[in-house]
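*Asks:* data32.cif is reproduced below (mmCIF, N, CA and C atoms).
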```cif
data_data
#
loop_
_atom_site.label_atom_id
_atom_site.label_comp_id
_atom_site.auth_asym_id
_atom_site.auth_seq_id
_atom_site.Cartn_x
_atom_site.Cartn_y
_atom_site.Cartn_z
N MET M 37 -30.15 13.58 -36.01
CA MET M 37 -29.36 12.47 -36.49
C MET M 37 -30.32 11.34 -36.86
N SER M 38 -30.11 10.75 -38.01
CA SER M 38 -30.97 9.65 -38.43
C SER M 38 -30.59 8.37 -37.71
N LEU M 39 -31.52 7.46 -37.63
CA LEU M 39 -31.27 6.17 -37.00
C LEU M 39 -30.18 5.41 -37.74
N GLU M 40 -30.15 5.56 -39.06
CA GLU M 40 -29.14 4.89 -39.86
C GLU M 40 -27.73 5.35 -39.47
N THR M 41 -27.55 6.63 -39.25
CA THR M 41 -26.26 7.16 -38.83
C THR M 41 -25.88 6.63 -37.46
N ALA M 42 -26.85 6.59 -36.54
CA ALA M 42 -26.58 6.11 -35.19
C ALA M 42 -26.13 4.66 -35.19
N GLU M 43 -26.66 3.84 -36.08
CA GLU M 43 -26.29 2.43 -36.12
C GLU M 43 -24.87 2.22 -36.60
N LYS M 44 -24.28 3.19 -37.28
CA LYS M 44 -22.89 3.08 -37.74
C LYS M 44 -21.91 3.52 -36.66
N THR M 45 -22.42 4.15 -35.61
CA THR M 45 -21.56 4.63 -34.54
C THR M 45 -21.26 3.50 -33.57
N ALA M 46 -20.00 3.41 -33.13
CA ALA M 46 -19.59 2.38 -32.17
C ALA M 46 -18.96 3.05 -30.96
N PHE M 47 -19.35 2.64 -29.80
CA PHE M 47 -18.69 3.08 -28.58
C PHE M 47 -17.45 2.19 -28.43
N LEU M 48 -16.29 2.80 -28.26
CA LEU M 48 -15.05 2.04 -28.22
C LEU M 48 -14.50 1.84 -26.82
N ARG M 49 -14.58 2.86 -25.98
CA ARG M 49 -14.05 2.75 -24.62
C ARG M 49 -14.81 3.70 -23.72
N VAL M 50 -14.73 3.44 -22.45
CA VAL M 50 -15.23 4.38 -21.45
C VAL M 50 -14.15 4.51 -20.38
N ALA M 51 -13.97 5.71 -19.90
CA ALA M 51 -12.96 5.94 -18.85
C ALA M 51 -13.56 6.92 -17.84
N PRO M 52 -13.93 6.42 -16.68
CA PRO M 52 -14.45 7.32 -15.66
C PRO M 52 -13.39 8.35 -15.26
N ARG M 53 -13.85 9.55 -14.98
CA ARG M 53 -12.93 10.61 -14.55
C ARG M 53 -13.25 10.93 -13.09
N PHE M 54 -12.26 10.70 -12.24
CA PHE M 54 -12.41 10.94 -10.81
C PHE M 54 -11.73 12.26 -10.43
N VAL M 55 -12.43 13.04 -9.64
CA VAL M 55 -11.86 14.26 -9.07
C VAL M 55 -10.98 13.86 -7.89
N VAL M 56 -9.77 14.38 -7.87
CA VAL M 56 -8.85 14.13 -6.76
C VAL M 56 -8.33 15.47 -6.24
N HIS M 57 -8.03 15.51 -4.96
CA HIS M 57 -7.55 16.74 -4.34
C HIS M 57 -6.03 16.78 -4.23
N ASP M 58 -5.40 15.61 -4.39
CA ASP M 58 -3.94 15.50 -4.25
C ASP M 58 -3.48 14.43 -5.23
N MET M 59 -2.87 14.84 -6.34
CA MET M 59 -2.50 13.91 -7.40
C MET M 59 -1.48 12.88 -6.92
N GLU M 60 -0.51 13.29 -6.15
CA GLU M 60 0.50 12.35 -5.65
C GLU M 60 -0.14 11.27 -4.79
N GLN M 61 -1.05 11.66 -3.91
CA GLN M 61 -1.76 10.70 -3.06
C GLN M 61 -2.62 9.77 -3.89
N ALA M 62 -3.29 10.32 -4.91
CA ALA M 62 -4.14 9.50 -5.78
C ALA M 62 -3.32 8.45 -6.52
N LEU M 63 -2.20 8.85 -7.10
CA LEU M 63 -1.36 7.90 -7.83
C LEU M 63 -0.82 6.82 -6.91
N ALA M 64 -0.44 7.19 -5.70
CA ALA M 64 0.05 6.20 -4.72
C ALA M 64 -1.07 5.24 -4.33
N PHE M 65 -2.27 5.75 -4.09
CA PHE M 65 -3.40 4.91 -3.70
C PHE M 65 -3.72 3.88 -4.78
N TYR M 66 -3.87 4.33 -6.02
CA TYR M 66 -4.22 3.40 -7.09
C TYR M 66 -3.06 2.46 -7.42
N GLY M 67 -1.83 2.90 -7.24
CA GLY M 67 -0.68 2.01 -7.38
C GLY M 67 -0.72 0.89 -6.36
N GLN M 68 -1.14 1.21 -5.13
CA GLN M 68 -1.27 0.21 -4.07
C GLN M 68 -2.33 -0.83 -4.42
N LEU M 69 -3.32 -0.45 -5.24
CA LEU M 69 -4.37 -1.38 -5.65
C LEU M 69 -3.98 -2.20 -6.88
N GLY M 70 -2.76 -2.02 -7.37
CA GLY M 70 -2.29 -2.83 -8.50
C GLY M 70 -2.47 -2.17 -9.85
N PHE M 71 -2.87 -0.90 -9.87
CA PHE M 71 -2.98 -0.17 -11.13
C PHE M 71 -1.60 0.37 -11.52
N GLN M 72 -1.34 0.45 -12.81
CA GLN M 72 -0.16 1.16 -13.31
C GLN M 72 -0.55 2.62 -13.39
N THR M 73 0.19 3.49 -12.77
CA THR M 73 -0.17 4.90 -12.75
C THR M 73 0.82 5.73 -13.54
N SER M 74 0.31 6.81 -14.10
CA SER M 74 1.18 7.74 -14.82
C SER M 74 0.60 9.14 -14.70
N LEU M 75 1.49 10.09 -14.81
CA LEU M 75 1.12 11.49 -14.69
C LEU M 75 1.25 12.15 -16.06
N TYR M 76 0.16 12.77 -16.52
CA TYR M 76 0.21 13.51 -17.78
C TYR M 76 0.78 14.89 -17.53
N ASP M 77 0.22 15.58 -16.55
CA ASP M 77 0.74 16.85 -16.06
C ASP M 77 0.28 17.01 -14.62
N GLU M 78 0.53 18.14 -14.00
CA GLU M 78 0.21 18.28 -12.58
C GLU M 78 -1.28 18.22 -12.27
N HIS M 79 -2.13 18.29 -13.31
CA HIS M 79 -3.57 18.27 -13.10
C HIS M 79 -4.26 17.01 -13.60
N PHE M 80 -3.52 16.11 -14.25
CA PHE M 80 -4.18 14.97 -14.87
C PHE M 80 -3.28 13.74 -14.82
N GLY M 81 -3.87 12.61 -14.39
CA GLY M 81 -3.13 11.36 -14.34
C GLY M 81 -4.01 10.19 -14.75
N PHE M 82 -3.40 9.03 -14.83
CA PHE M 82 -4.09 7.81 -15.25
C PHE M 82 -3.78 6.68 -14.29
N ALA M 83 -4.76 5.81 -14.11
CA ALA M 83 -4.57 4.55 -13.39
C ALA M 83 -5.12 3.47 -14.32
N GLU M 84 -4.26 2.53 -14.73
CA GLU M 84 -4.66 1.52 -15.71
C GLU M 84 -4.40 0.12 -15.18
N ARG M 85 -5.34 -0.78 -15.48
CA ARG M 85 -5.18 -2.18 -15.12
C ARG M 85 -6.06 -3.04 -16.02
N ASP M 86 -5.47 -4.04 -16.65
CA ASP M 86 -6.21 -5.02 -17.45
C ASP M 86 -7.16 -4.38 -18.46
N GLY M 87 -6.72 -3.31 -19.11
CA GLY M 87 -7.55 -2.67 -20.13
C GLY M 87 -8.56 -1.68 -19.59
N VAL M 88 -8.60 -1.48 -18.28
CA VAL M 88 -9.50 -0.49 -17.66
C VAL M 88 -8.66 0.72 -17.28
N THR M 89 -9.11 1.90 -17.69
CA THR M 89 -8.39 3.13 -17.39
C THR M 89 -9.29 4.07 -16.60
N LEU M 90 -8.75 4.58 -15.50
CA LEU M 90 -9.41 5.63 -14.73
C LEU M 90 -8.66 6.92 -14.99
N HIS M 91 -9.38 8.00 -15.25
CA HIS M 91 -8.76 9.31 -15.40
C HIS M 91 -8.84 10.01 -14.06
N LEU M 92 -7.74 10.58 -13.63
CA LEU M 92 -7.65 11.27 -12.34
C LEU M 92 -7.39 12.74 -12.63
N GLN M 93 -8.30 13.60 -12.19
CA GLN M 93 -8.15 15.02 -12.48
C GLN M 93 -8.14 15.83 -11.21
N HIS M 94 -7.10 16.63 -11.05
CA HIS M 94 -6.95 17.49 -9.89
C HIS M 94 -7.67 18.82 -10.14
N PHE M 95 -8.44 19.25 -9.16
CA PHE M 95 -9.08 20.57 -9.20
C PHE M 95 -8.67 21.32 -7.95
N SER M 96 -8.29 22.59 -8.09
CA SER M 96 -7.97 23.38 -6.90
C SER M 96 -9.26 23.71 -6.14
N ASP M 97 -10.36 23.84 -6.85
CA ASP M 97 -11.67 24.07 -6.23
C ASP M 97 -12.63 23.01 -6.79
N PRO M 98 -12.56 21.76 -6.26
CA PRO M 98 -13.29 20.65 -6.86
C PRO M 98 -14.80 20.80 -6.73
N PRO M 99 -15.52 20.27 -7.72
CA PRO M 99 -16.98 20.25 -7.61
C PRO M 99 -17.39 19.32 -6.47
N GLY M 100 -18.57 19.52 -5.92
CA GLY M 100 -19.04 18.68 -4.82
C GLY M 100 -19.40 17.29 -5.30
N GLY M 101 -19.60 16.39 -4.35
CA GLY M 101 -20.01 15.03 -4.68
C GLY M 101 -18.83 14.12 -4.98
N HIS M 102 -19.15 12.95 -5.48
CA HIS M 102 -18.13 11.98 -5.83
C HIS M 102 -18.58 11.19 -7.04
N SER M 103 -17.69 10.42 -7.60
CA SER M 103 -17.99 9.59 -8.77
C SER M 103 -18.10 8.14 -8.34
N VAL M 104 -18.77 7.36 -9.17
CA VAL M 104 -18.91 5.92 -8.95
C VAL M 104 -18.54 5.22 -10.25
N CYS M 105 -17.77 4.15 -10.13
CA CYS M 105 -17.35 3.37 -11.28
C CYS M 105 -17.65 1.89 -10.99
N TRP M 106 -18.17 1.17 -11.99
CA TRP M 106 -18.46 -0.25 -11.87
C TRP M 106 -17.47 -0.99 -12.77
N ILE M 107 -16.79 -2.01 -12.21
CA ILE M 107 -15.84 -2.81 -12.98
C ILE M 107 -16.18 -4.28 -12.79
N GLU M 108 -16.42 -4.98 -13.90
CA GLU M 108 -16.64 -6.43 -13.83
C GLU M 108 -15.28 -7.11 -13.79
N VAL M 109 -15.11 -8.06 -12.87
CA VAL M 109 -13.83 -8.73 -12.66
C VAL M 109 -13.99 -10.24 -12.64
N THR M 110 -12.88 -10.94 -12.63
CA THR M 110 -12.86 -12.37 -12.35
C THR M 110 -12.18 -12.53 -10.99
N ASP M 111 -12.43 -13.63 -10.33
CA ASP M 111 -11.82 -13.96 -9.04
C ASP M 111 -11.95 -12.81 -8.03
N SER M 112 -13.19 -12.41 -7.79
CA SER M 112 -13.47 -11.30 -6.87
C SER M 112 -12.98 -11.60 -5.46
N GLU M 113 -12.98 -12.87 -5.07
CA GLU M 113 -12.52 -13.23 -3.73
C GLU M 113 -11.05 -12.86 -3.54
N ALA M 114 -10.20 -13.19 -4.51
CA ALA M 114 -8.78 -12.87 -4.42
C ALA M 114 -8.56 -11.35 -4.41
N LEU M 115 -9.31 -10.64 -5.24
CA LEU M 115 -9.19 -9.19 -5.28
C LEU M 115 -9.62 -8.57 -3.95
N TYR M 116 -10.73 -9.07 -3.42
CA TYR M 116 -11.23 -8.59 -2.13
C TYR M 116 -10.18 -8.81 -1.04
N GLN M 117 -9.59 -10.00 -1.00
CA GLN M 117 -8.58 -10.30 0.02
C GLN M 117 -7.34 -9.40 -0.16
N ARG M 118 -7.01 -9.10 -1.40
CA ARG M 118 -5.85 -8.22 -1.67
C ARG M 118 -6.13 -6.80 -1.20
N TYR M 119 -7.37 -6.33 -1.35
CA TYR M 119 -7.70 -4.95 -1.03
C TYR M 119 -8.07 -4.73 0.44
N LEU M 120 -8.44 -5.79 1.17
CA LEU M 120 -8.81 -5.63 2.59
C LEU M 120 -7.75 -4.90 3.41
N PRO M 121 -6.47 -5.25 3.31
CA PRO M 121 -5.47 -4.58 4.13
C PRO M 121 -5.29 -3.09 3.83
N THR M 122 -5.79 -2.61 2.69
CA THR M 122 -5.61 -1.20 2.32
C THR M 122 -6.50 -0.28 3.14
N GLY M 123 -7.54 -0.84 3.76
CA GLY M 123 -8.49 -0.01 4.50
C GLY M 123 -9.48 0.71 3.60
N ALA M 124 -9.44 0.45 2.31
CA ALA M 124 -10.32 1.14 1.36
C ALA M 124 -11.64 0.42 1.13
N VAL M 125 -11.75 -0.85 1.54
CA VAL M 125 -12.98 -1.62 1.30
C VAL M 125 -14.10 -1.02 2.15
N CYS M 126 -15.23 -0.72 1.51
CA CYS M 126 -16.34 -0.10 2.24
C CYS M 126 -17.60 -0.95 2.25
N SER M 127 -17.57 -2.12 1.61
CA SER M 127 -18.67 -3.08 1.74
C SER M 127 -18.08 -4.48 1.54
N PRO M 128 -18.59 -5.45 2.30
CA PRO M 128 -18.04 -6.81 2.20
C PRO M 128 -18.41 -7.48 0.88
N LEU M 129 -17.58 -8.43 0.48
CA LEU M 129 -17.88 -9.23 -0.70
C LEU M 129 -19.10 -10.08 -0.39
N ALA M 130 -20.12 -9.97 -1.23
CA ALA M 130 -21.35 -10.74 -1.00
C ALA M 130 -22.05 -10.98 -2.33
N ALA M 131 -22.75 -12.12 -2.41
CA ALA M 131 -23.57 -12.42 -3.57
C ALA M 131 -24.81 -11.52 -3.52
N ARG M 132 -25.17 -10.98 -4.65
CA ARG M 132 -26.31 -10.07 -4.74
C ARG M 132 -27.42 -10.71 -5.57
N PRO M 133 -28.66 -10.33 -5.32
CA PRO M 133 -29.78 -10.95 -6.04
C PRO M 133 -29.78 -10.68 -7.54
N TRP M 134 -29.00 -9.73 -8.01
CA TRP M 134 -28.97 -9.43 -9.44
C TRP M 134 -27.92 -10.25 -10.18
N GLY M 135 -27.35 -11.28 -9.51
CA GLY M 135 -26.50 -12.24 -10.20
C GLY M 135 -25.01 -11.94 -10.17
N PHE M 136 -24.56 -11.13 -9.23
CA PHE M 136 -23.14 -10.82 -9.11
C PHE M 136 -22.68 -10.94 -7.66
N LYS M 137 -21.39 -11.28 -7.48
CA LYS M 137 -20.72 -11.10 -6.19
C LYS M 137 -20.08 -9.73 -6.28
N GLU M 138 -20.21 -8.95 -5.19
CA GLU M 138 -19.82 -7.55 -5.29
C GLU M 138 -19.19 -7.06 -3.99
N PHE M 139 -18.25 -6.14 -4.12
CA PHE M 139 -17.75 -5.35 -3.00
C PHE M 139 -17.35 -4.00 -3.56
N CYS M 140 -17.15 -3.03 -2.68
CA CYS M 140 -16.71 -1.74 -3.18
C CYS M 140 -15.59 -1.17 -2.32
N ILE M 141 -14.84 -0.27 -2.95
CA ILE M 141 -13.81 0.48 -2.24
C ILE M 141 -14.13 1.97 -2.38
N ARG M 142 -13.60 2.76 -1.46
CA ARG M 142 -13.71 4.21 -1.53
C ARG M 142 -12.29 4.76 -1.52
N ASP M 143 -11.98 5.63 -2.49
CA ASP M 143 -10.65 6.21 -2.52
C ASP M 143 -10.58 7.38 -1.52
N PRO M 144 -9.40 7.93 -1.30
CA PRO M 144 -9.26 8.99 -0.29
C PRO M 144 -10.09 10.25 -0.60
N PHE M 145 -10.65 10.35 -1.80
CA PHE M 145 -11.39 11.54 -2.19
C PHE M 145 -12.90 11.29 -2.26
N GLY M 146 -13.34 10.11 -1.80
CA GLY M 146 -14.76 9.79 -1.75
C GLY M 146 -15.31 9.09 -2.98
N ASN M 147 -14.49 8.84 -4.00
CA ASN M 147 -14.95 8.14 -5.20
C ASN M 147 -15.11 6.66 -4.88
N LEU M 148 -16.15 6.05 -5.44
CA LEU M 148 -16.44 4.62 -5.20
C LEU M 148 -16.13 3.80 -6.44
N ILE M 149 -15.57 2.61 -6.22
CA ILE M 149 -15.42 1.63 -7.29
C ILE M 149 -16.08 0.35 -6.82
N LEU M 150 -17.07 -0.10 -7.60
CA LEU M 150 -17.74 -1.37 -7.35
C LEU M 150 -17.06 -2.43 -8.20
N PHE M 151 -16.66 -3.53 -7.57
CA PHE M 151 -16.07 -4.66 -8.28
C PHE M 151 -17.08 -5.80 -8.24
N ASP M 152 -17.50 -6.27 -9.41
CA ASP M 152 -18.52 -7.32 -9.51
C ASP M 152 -18.01 -8.48 -10.34
N GLU M 153 -18.35 -9.68 -9.87
CA GLU M 153 -18.06 -10.90 -10.62
C GLU M 153 -19.39 -11.60 -10.89
N ARG M 154 -19.63 -11.91 -12.15
CA ARG M 154 -20.88 -12.57 -12.53
C ARG M 154 -20.93 -13.96 -11.90
N LEU M 155 -22.04 -14.26 -11.24
CA LEU M 155 -22.24 -15.59 -10.64
C LEU M 155 -22.68 -16.58 -11.72
N PRO M 156 -22.29 -17.84 -11.58
CA PRO M 156 -22.85 -18.85 -12.48
C PRO M 156 -24.37 -18.82 -12.38
N GLU M 157 -25.04 -19.14 -13.44
CA GLU M 157 -26.50 -19.02 -13.52
C GLU M 157 -27.21 -19.70 -12.34
N GLU M 158 -26.77 -20.91 -11.96
CA GLU M 158 -27.45 -21.63 -10.87
C GLU M 158 -27.26 -20.91 -9.54
N ASP M 159 -26.10 -20.30 -9.31
CA ASP M 159 -25.88 -19.54 -8.07
C ASP M 159 -26.71 -18.27 -8.04
N ALA M 160 -26.83 -17.60 -9.18
CA ALA M 160 -27.60 -16.37 -9.26
C ALA M 160 -29.08 -16.66 -9.00
N THR M 161 -29.57 -17.77 -9.52
CA THR M 161 -30.96 -18.14 -9.33
C THR M 161 -31.24 -18.44 -7.86
N SER M 162 -30.33 -19.12 -7.17
CA SER M 162 -30.55 -19.44 -5.78
C SER M 162 -30.47 -18.19 -4.90
N GLU M 163 -29.73 -17.16 -5.31
CA GLU M 163 -29.65 -15.91 -4.54
C GLU M 163 -30.96 -15.14 -4.62
N LYS M 164 -31.70 -15.29 -5.72
CA LYS M 164 -32.98 -14.59 -5.87
C LYS M 164 -34.04 -15.20 -4.99
N GLY M 165 -33.82 -16.48 -4.65
CA GLY M 165 -34.57 -17.28 -3.76
C GLY M 165 -35.95 -17.22 -3.58
#
```
What does the file become when written as structure tokens?

*Replies:*
Amino acid sequence: MSLETAEKTAFLRVAPRFVVHDMEQALAFYGQLGFQTSLYDEHFGFAERDGVTLHLQHFSDPPGGHSVCWIEVTDSEALYQRYLPTGAVCSPLAARPWGFKEFCIRDPFGNLILFDERLPEEDATSEKG
């Protein structure tokens, strides 16, 4: 492929695909997190929120490991407080040296979602310290 052809190509969307062992449980879990969920068929579903879509795929014999998804958000503190009661939070909300406040959740199938909010430039600089 020539460089000229590559420059005409645009990436339009990305949708992480998470392996789930129980579609009903997955849809309920992501619904509890505020996602709108829908079922395509018994093996494939969607969790959508604010223009972000997660694909949920059921496997009877799932591959090993887990997936990780990074989502940039606003008002990470409110989101963190909303998700704490779910028991899914696996790291506390904290400012990171790379200029984001971050926390993560783990779904019932081991998939991780990192939620990051960009820090104002002066806060990010002080975190690098």

*Asks:* Write down as a PyMOL selection string the residues of chain M whose backbone DSSP state falls under alpha helix (DSSP H).

*Replies:* chain M and resi 39-44+59-68+112-119+157-164

*Asks:* Give me a file of those residues, with N, CA and C atoms, as a compact mmCIF listing (two decimals), keeping the file's coordinate frame.

*Replies:*
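Saved file result.txt follows:
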```txt
# COMPACT_ATOMS: atom_id res chain seq x y z
N LEU M 39 -31.52 7.46 -37.63
CA LEU M 39 -31.27 6.17 -37.00
C LEU M 39 -30.18 5.41 -37.74
N GLU M 40 -30.15 5.56 -39.06
CA GLU M 40 -29.14 4.89 -39.86
C GLU M 40 -27.73 5.35 -39.47
N THR M 41 -27.55 6.63 -39.25
CA THR M 41 -26.26 7.16 -38.83
C THR M 41 -25.88 6.63 -37.46
N ALA M 42 -26.85 6.59 -36.54
CA ALA M 42 -26.58 6.11 -35.19
C ALA M 42 -26.13 4.66 -35.19
N GLU M 43 -26.66 3.84 -36.08
CA GLU M 43 -26.29 2.43 -36.12
C GLU M 43 -24.87 2.22 -36.60
N LYS M 44 -24.28 3.19 -37.28
CA LYS M 44 -22.89 3.08 -37.74
C LYS M 44 -21.91 3.52 -36.66
N MET M 59 -2.87 14.84 -6.34
CA MET M 59 -2.50 13.91 -7.40
C MET M 59 -1.48 12.88 -6.92
N GLU M 60 -0.51 13.29 -6.15
CA GLU M 60 0.50 12.35 -5.65
C GLU M 60 -0.14 11.27 -4.79
N GLN M 61 -1.05 11.66 -3.91
CA GLN M 61 -1.76 10.70 -3.06
C GLN M 61 -2.62 9.77 -3.89
N ALA M 62 -3.29 10.32 -4.91
CA ALA M 62 -4.14 9.50 -5.78
C ALA M 62 -3.32 8.45 -6.52
N LEU M 63 -2.20 8.85 -7.10
CA LEU M 63 -1.36 7.90 -7.83
C LEU M 63 -0.82 6.82 -6.91
N ALA M 64 -0.44 7.19 -5.70
CA ALA M 64 0.05 6.20 -4.72
C ALA M 64 -1.07 5.24 -4.33
N PHE M 65 -2.27 5.75 -4.09
CA PHE M 65 -3.40 4.91 -3.70
C PHE M 65 -3.72 3.88 -4.78
N TYR M 66 -3.87 4.33 -6.02
CA TYR M 66 -4.22 3.40 -7.09
C TYR M 66 -3.06 2.46 -7.42
N GLY M 67 -1.83 2.90 -7.24
CA GLY M 67 -0.68 2.01 -7.38
C GLY M 67 -0.72 0.89 -6.36
N GLN M 68 -1.14 1.21 -5.13
CA GLN M 68 -1.27 0.21 -4.07
C GLN M 68 -2.33 -0.83 -4.42
N SER M 112 -13.19 -12.41 -7.79
CA SER M 112 -13.47 -11.30 -6.87
C SER M 112 -12.98 -11.60 -5.46
N GLU M 113 -12.98 -12.87 -5.07
CA GLU M 113 -12.52 -13.23 -3.73
C GLU M 113 -11.05 -12.86 -3.54
N ALA M 114 -10.20 -13.19 -4.51
CA ALA M 114 -8.78 -12.87 -4.42
C ALA M 114 -8.56 -11.35 -4.41
N LEU M 115 -9.31 -10.64 -5.24
CA LEU M 115 -9.19 -9.19 -5.28
C LEU M 115 -9.62 -8.57 -3.95
N TYR M 116 -10.73 -9.07 -3.42
CA TYR M 116 -11.23 -8.59 -2.13
C TYR M 116 -10.18 -8.81 -1.04
N GLN M 117 -9.59 -10.00 -1.00
CA GLN M 117 -8.58 -10.30 0.02
C GLN M 117 -7.34 -9.40 -0.16
N ARG M 118 -7.01 -9.10 -1.40
CA ARG M 118 -5.85 -8.22 -1.67
C ARG M 118 -6.13 -6.80 -1.20
N TYR M 119 -7.37 -6.33 -1.35
CA TYR M 119 -7.70 -4.95 -1.03
C TYR M 119 -8.07 -4.73 0.44
N GLU M 157 -25.04 -19.14 -13.44
CA GLU M 157 -26.50 -19.02 -13.52
C GLU M 157 -27.21 -19.70 -12.34
N GLU M 158 -26.77 -20.91 -11.96
CA GLU M 158 -27.45 -21.63 -10.87
C GLU M 158 -27.26 -20.91 -9.54
N ASP M 159 -26.10 -20.30 -9.31
CA ASP M 159 -25.88 -19.54 -8.07
C ASP M 159 -26.71 -18.27 -8.04
N ALA M 160 -26.83 -17.60 -9.18
CA ALA M 160 -27.60 -16.37 -9.26
C ALA M 160 -29.08 -16.66 -9.00
N THR M 161 -29.57 -17.77 -9.52
CA THR M 161 -30.96 -18.14 -9.33
C THR M 161 -31.24 -18.44 -7.86
N SER M 162 -30.33 -19.12 -7.17
CA SER M 162 -30.55 -19.44 -5.78
C SER M 162 -30.47 -18.19 -4.90
N GLU M 163 -29.73 -17.16 -5.31
CA GLU M 163 -29.65 -15.91 -4.54
C GLU M 163 -30.96 -15.14 -4.62
N LYS M 164 -31.70 -15.29 -5.72
CA LYS M 164 -32.98 -14.59 -5.87
C LYS M 164 -34.04 -15.20 -4.99
```

*Asks:* Which protein, DNA or RNA residues are at most 9 Å from (-5.4, -2.8, -2.4) in the file's coordinates when you count only C-alpha atoms, listed as a list in words?

*Replies:* Phe65, Tyr66, Gly67, Gln68, Leu69, Gly70, Leu115, Tyr116, Gln117, Arg118, Tyr119, Leu120, Pro121, Thr122, Gly123, Ala124 and Val125 of chain M

*Asks:* Please tabulate, as JSON lines, the residues of segment 41-82 of chain M that come within 5 Å of segment 89-97 of chain M, each with its closest pair of atoms and the distance in Å to one decimal, counting all atoms listed in the file and ordering rows by chain, then residue number upward.

*Replies:*
```
{"residue": "M:Ala51", "atom": "CA", "partner": "M:Thr89", "partner_atom": "C", "distance": 4.7}
{"residue": "M:Pro52", "atom": "C", "partner": "M:His91", "partner_atom": "N", "distance": 4.0}
{"residue": "M:Arg53", "atom": "CA", "partner": "M:His91", "partner_atom": "C", "distance": 4.2}
{"residue": "M:Phe54", "atom": "N", "partner": "M:His91", "partner_atom": "C", "distance": 3.9}
{"residue": "M:Val55", "atom": "CA", "partner": "M:Gln93", "partner_atom": "C", "distance": 4.6}
{"residue": "M:Val56", "atom": "N", "partner": "M:Gln93", "partner_atom": "C", "distance": 4.0}
{"residue": "M:His79", "atom": "C", "partner": "M:His94", "partner_atom": "N", "distance": 3.8}
{"residue": "M:Phe80", "atom": "CA", "partner": "M:Leu92", "partner_atom": "C", "distance": 4.5}
{"residue": "M:Gly81", "atom": "C", "partner": "M:Leu92", "partner_atom": "N", "distance": 3.9}
{"residue": "M:Phe82", "atom": "CA", "partner": "M:Leu90", "partner_atom": "C", "distance": 4.7}
```

*Asks:* Given the file shown, determine the residues that the PyMOL selection byres (((chain M and resi 106-112 and name CA) around 10) and name CA) selects; report them as an MDAnalysis selection string.

*Replies:* chainID M and resid 52 86 88 104:105 113:118 129:130 136:140 148:154

*Asks:* Given 6 Å of margin on each side, can you work out the centre and size in Å (one decimal) of an axis-aligned box holding every listed atom of segment 149-158 of chain M, as lines of an AutoDock Vina configuration file?

*Replies:*
```
center_x = -21.4
center_y = -9.5
center_z = -9.9
size_x = 24.0
size_y = 36.2
size_z = 19.3
```

*Asks:* Please report, as a list in words, each residue of segment 37-125 of chain M to which DSSP assigns strand (DSSP E) when run on this structure's backbone.

*Replies:*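 In segment 37-125 of chain M, DSSP puts these residues in strand (DSSP E): Arg53, Phe54, Val55, Val56, Gln72, Thr73, Ser74, Leu75, Tyr76, Asp77, Phe80, Gly81, Phe82, Ala83, Glu84, Arg85, Val88, Thr89, Leu90, His91, Leu92, Gln93, His94, Val104, Cys105, Trp106, Ile107, Glu108 and Val125 of chain M.
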
*Asks:* Closest to Leu63 of chain M among M:Arg85, M:Val50, M:Ala131, M:Leu75, using only C-alpha atoms?

*Replies:* M:Leu75

*Asks:* How far is it from atom CA of Ala62 of chain M to atom N of Arg132 of chain M, in Å with one decimal?

*Replies:*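 Distance between the two atoms: 29.4 Å.
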
*Asks:* Ranking M:Phe71, M:Gly135, M:Asp77, M:Pro128 by minimum distance to Leu155 of chain M and counting only C-alpha atoms, which one comes first?

*Replies:*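 Comparing M:Phe71, M:Gly135, M:Asp77, M:Pro128 against Leu155 of chain M, the winner is M:Gly135.
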
*Asks:* For a test of reading the model, state the distance in Å between atom C of Ile141 of chain M and atom CA of Cys126 of chain M, rounded to one decimal.

*Replies:*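 Computing the Euclidean distance for atom C of Ile141 of chain M and atom CA of Cys126 of chain M yields 5.5 Å.
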
*Asks:* Kindly give the distance, in Å, that separates atom C of Pro99 of chain M and atom N of Gly87 of chain M, rounded to a single decimal.

*Replies:*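 Value for the atom C of Pro99 of chain M-atom N of Gly87 of chain M distance: 28.0 Å.
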
*Asks:* Could you add whatever atoms are missing so that segment 145-151 of chain M carries N, CA, C and O atoms, then write the result as a PDB file, keeping the file's coordinate frame?

*Replies:*
```
ATOM      1  N   PHE M 145     -10.650  10.350  -1.800  1.00  0.00           N
ATOM      2  CA  PHE M 145     -11.390  11.540  -2.190  1.00  0.00           C
ATOM      3  C   PHE M 145     -12.900  11.290  -2.260  1.00  0.00           C
ATOM      4  O   PHE M 145     -13.649  12.135  -2.731  1.00  0.00           O
ATOM      5  N   GLY M 146     -13.340  10.110  -1.800  1.00  0.00           N
ATOM      6  CA  GLY M 146     -14.760   9.790  -1.750  1.00  0.00           C
ATOM      7  C   GLY M 146     -15.310   9.090  -2.980  1.00  0.00           C
ATOM      8  O   GLY M 146     -16.494   8.767  -3.035  1.00  0.00           O
ATOM      9  N   ASN M 147     -14.490   8.840  -4.000  1.00  0.00           N
ATOM     10  CA  ASN M 147     -14.950   8.140  -5.200  1.00  0.00           C
ATOM     11  C   ASN M 147     -15.110   6.660  -4.880  1.00  0.00           C
ATOM     12  O   ASN M 147     -14.300   6.081  -4.165  1.00  0.00           O
ATOM     13  N   LEU M 148     -16.150   6.050  -5.440  1.00  0.00           N
ATOM     14  CA  LEU M 148     -16.440   4.620  -5.200  1.00  0.00           C
ATOM     15  C   LEU M 148     -16.130   3.800  -6.440  1.00  0.00           C
ATOM     16  O   LEU M 148     -16.425   4.226  -7.560  1.00  0.00           O
ATOM     17  N   ILE M 149     -15.570   2.610  -6.220  1.00  0.00           N
ATOM     18  CA  ILE M 149     -15.420   1.630  -7.290  1.00  0.00           C
ATOM     19  C   ILE M 149     -16.080   0.350  -6.820  1.00  0.00           C
ATOM     20  O   ILE M 149     -15.737  -0.201  -5.780  1.00  0.00           O
ATOM     21  N   LEU M 150     -17.070  -0.100  -7.600  1.00  0.00           N
ATOM     22  CA  LEU M 150     -17.740  -1.370  -7.350  1.00  0.00           C
ATOM     23  C   LEU M 150     -17.060  -2.430  -8.200  1.00  0.00           C
ATOM     24  O   LEU M 150     -16.899  -2.251  -9.405  1.00  0.00           O
ATOM     25  N   PHE M 151     -16.660  -3.530  -7.570  1.00  0.00           N
ATOM     26  CA  PHE M 151     -16.070  -4.660  -8.280  1.00  0.00           C
ATOM     27  C   PHE M 151     -17.080  -5.800  -8.240  1.00  0.00           C
ATOM     28  O   PHE M 151     -17.498  -6.231  -7.167  1.00  0.00           O
TER      29      PHE M 151
END
```
